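Novice: Sharing a structure below in structure tokens format, with a few things to ask.
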There are 2 protein chains.
Amino acid sequence: MSLPEALPEPGALYLAEIREQPAALRRLLGGRAELARIAAAAPGGLVRMVGHGSSDNAASFGVYAFGLLAGRTAIRDSISLTVYYDAKVDFAGSVVIALSQSGRTPDVLEYVTRARRQGAYTIAVTNDPQSALAQASDAVVPLCAGAEQAVAATKTYSNTLAALALLAAELGGRGDDIAAALEQGVDELERHLPLLERAAASLAVPFSSVGRMFAIGRGPEFATAREIALKLLETCQIAAEPLTATDLAHGPVAALDPLFPVWAVATDDQSLEVVVDAARRVREAGATLIASGPAAEAIEDAQYYLPVPRPADPLLAPLLSVVPGQLFAGAVARAKGLDPDRPRGLSKITLAR
Amino acid sequence: MSLPEALPEPGALYLAEIREQPAALRRLLGGRAELARIAAAAPGGLVRMVGHGSSDNAASFGVYAFGLLAGRTAIRDSISLTVYYDAKVDFAGSVVIALSQSGRTPDVLEYVTRARRQGAYTIAVTNDPQSALAQASDAVVPLCAGAEQAVAATKTYSNTLAALALLAAELGGRGDDIAAALEQGVDELERHLPLLERAAASLAVPFSSVGRMFAIGRGPEFATAREIALKLLETCQIAAEPLTATDLAHGPVAALDPLFPVWAVATDDQSLEVVVDAARRVREAGATLIASGPAAEAIEDAQYYLPVPRPADPLLAPLLSVVPGQLFAGAVARAKGLDPDRPRGLSKITLAR
């Protein structure tokens, strides 16, 4: 008689996948030659990114990666305009980048099919290179993240960021230096992960009764604010809303009070002053402030600090900045008695339209 | 000795400005000839809209207006990529539409200045045709909303929607029929406003203890979901997050419970089935559901219904759908003892960067 297999700890898969991120990023870097070939075949027009959830959050980063590394206008395109409304959009010369971990998101697949038929060059960025999305596209960037079992995405998110950075770098003729900066960032992340885990866990108990939060960032780190807010929503049932540091002042600041904490992502780039200003307004409103990101210490007077190491290129900071948020969400979920591996009402592959 | 002037009721300005929307829209329609002239001068490239807060919400509608009426790709462009990061974006052939009620939003002004210098055709859509933004632009669309005194925008939001619809219609050669549909929609709105006021007010007490909500919509009505969420944040201190009906299923649905109500905007277009599906998931999660929009009755089993009349063209539905949300936010604010005219921590002209 064999003993029944022990049930895993709640959140064990989620935590294991956060820890796998350095290894997953190194696997992606191993496919650089193929990324360079795909970029070389891309036409010169608008870069149209499509995806939902964490994939769409990664696309927010892509806007900056393509803009800064390649001088290209990249957009999070409207899926529904093409798929549901059948708008007569001119796709000629466009590069479509379809982001889907599973490669099975129905409306992303339909968007790619239509865009390709209308003359776009279509690239699938997916963790399943055999998926329907991969087959429907001109080119495939395999995420190489390995199987992701927790419902809340972690390593597929960071590998999507890295894939977009590398594609943009290749388009801008900066493949070598961005790949080197990425390698260095991965080493830093690996070195600091145990420390980040301990720091995030120490915040779990004070935040286990929180029901709502804002996450603010700007520039490339707006993607981080969006992704951390999504992790808090899906794993901890916290109504967390992402805002750019500037949009906070256009209304939402009025909702703040001491029971409405704000997570601020501060990074060493041209957005830092704006984020520091917004954090000051948060404190003036009496809200609890968590300062994170590589420039966390530039925010004065926060109650909590969760800094991350500085990458060699500040554009790559979102790969590091998201990790304390992933860890914090998992720790708060466990403190609330929730299982971050299997959030209520969610499935890994979202077939919702 | 003169008697001191009576202090206005809390929310009196906000409610008066909601009621002024039909008149404000008719004033905007009076400027159609100038709108047609501006559209005729616009080049054929990418339409780049920029703005914050309610202006950015209106831009979400603009994506659909330009896509559906003129077959043009219109985007909510990244302000910071140009203003803070100094990215080398190719503006030649682009149409920039800068949305700012005050015409004084600093980074929008800076964006327009740079984009114009780099070859974009720049249009300011503003309630102050003498503003710095108007002076910095090639062309000006005056919103003609009249002075807006409540901090939370209402009539400038709806006039911005209408201005975008008319510009898009002129670009697509459909100026006459969209103007006619708009006139009909304004008449319907005026007729139904007293009824909408009573219906929204009846919901205020049950919602006065709510701390968080989602607002869902898709297609052109995603703008409505965003704007209603912003009104709830700024006037009622409700942590309200806008989501597309599809994105709800990619994570956020896990946060729902009976104390987490959802406002769903249902409209008679190709997105209806998606919104109805999402509403079903909301009810399955046990959350309280408010069904609104011209197709509210297509959502089964909602606890509350706040329908609006059907406009002659479904694209114009957001002009009507936003109104119950504006009224609901004002009513809930008063039930909570807050003043929607002067939300804490906000000023009318946001000079935040």
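By convention in this document, the chains of the structure tokens carry letters A, B, ... by their order, each chain's residues are numbered from 1, and ligands are numbered from 1 in the order they are shown.
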Need to verify the contact set: region 50-52 of chain B, 6 Å, only C-alpha atoms, exclusion of same-chain residues closer than 4 positions in sequence. Can you return it as a list in words?
Specialist: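 Neighbouring residues, sequence-local ones excluded: Asp56, Arg76, Asp77, Ala98 and Leu99 of chain B.
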Novice: Just write the chosen residues, N, CA and C atoms, as a PDB file, in the first residue's frame.
Specialist:
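Contents of the output file out23.pdb:
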ATOM      1  N   ASP B  56      -8.559  61.371 -20.754  1.00  0.00           N
ATOM      2  CA  ASP B  56      -8.018  60.095 -21.220  1.00  0.00           C
ATOM      3  C   ASP B  56      -9.143  59.070 -21.364  1.00  0.00           C
ATOM      4  N   ARG B  76      -4.320  56.093 -27.617  1.00  0.00           N
ATOM      5  CA  ARG B  76      -4.052  56.926 -26.448  1.00  0.00           C
ATOM      6  C   ARG B  76      -2.538  56.900 -26.301  1.00  0.00           C
ATOM      7  N   ASP B  77      -1.885  57.924 -26.803  1.00  0.00           N
ATOM      8  CA  ASP B  77      -0.431  57.866 -26.898  1.00  0.00           C
ATOM      9  C   ASP B  77       0.211  58.034 -25.524  1.00  0.00           C
ATOM     10  N   ALA B  98      -5.034  66.802 -28.536  1.00  0.00           N
ATOM     11  CA  ALA B  98      -4.713  67.035 -27.127  1.00  0.00           C
ATOM     12  C   ALA B  98      -5.985  67.401 -26.388  1.00  0.00           C
ATOM     13  N   LEU B  99      -6.319  66.622 -25.371  1.00  0.00           N
ATOM     14  CA  LEU B  99      -7.577  66.784 -24.650  1.00  0.00           C
ATOM     15  C   LEU B  99      -7.290  67.356 -23.269  1.00  0.00           C
TER      16      LEU B  99
END
Novice: Region 109-143 of chain A: which residues are strand (DSSP E) by DSSP, as an NGL selection string?
Specialist: :A and (121-126 or 139-142)
Novice: So that I can check the surroundings of Ala295 (chain B), please list as a list in words every protein, DNA and RNA residue that reaches within 8 Å of it, counting only C-alpha atoms and ignoring chain neighbours fewer than 6 positions away.
Specialist: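 Neighbouring residues, sequence-local ones excluded: Ala266, Thr267, Asp268, Leu272 and Pro307 of chain B.
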Novice: Could you check which of A:Leu243, A:Ala335, A:Ala291, A:Leu196 is closest to chain B, using only C-alpha atoms?
Specialist: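 The answer is A:Leu243, which sits nearest to chain B.
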Novice: Please identify every residue of chain B that has at least one atom no more than 7 Å from any atom of chain A, counting only C-alpha atoms, and report them as a PyMOL selection string.
Specialist: chain B and resi 52-53+64+67-68+71-73+80-81+84-85+87-89+212+219+230+233-234+237-239+241+246-247+249-255+270-271+274+343-346+350+352-353
Novice: Running DSSP on the backbone, which parts of region 230-291 of chain B land in alpha helix (DSSP H), as a PyMOL selection string?
Specialist: chain B and resi 230-236+245-249+272-284
Novice: Gly119 (chain B): which residues within 12 Å, counting only C-alpha atoms, same-chain residues fewer than 2 positions away excluded, as a list in words?
Specialist: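 Near neighbours after the sequence-gap exclusion: Ala42, Pro43, Gly45, Val89, Asp90, Phe91, Ala92, Gly93, Ser94, Val95, Val96, Val112, Thr113, Arg114, Ala115, Arg116, Arg117, Tyr121, Thr122, Ser137 and Asp138 of chain B.
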Novice: Separation of CA of Ala287 (chain B) and CA of Arg198 (chain B), in Å?
Specialist: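 Distance between the two atoms: 24.0 Å.
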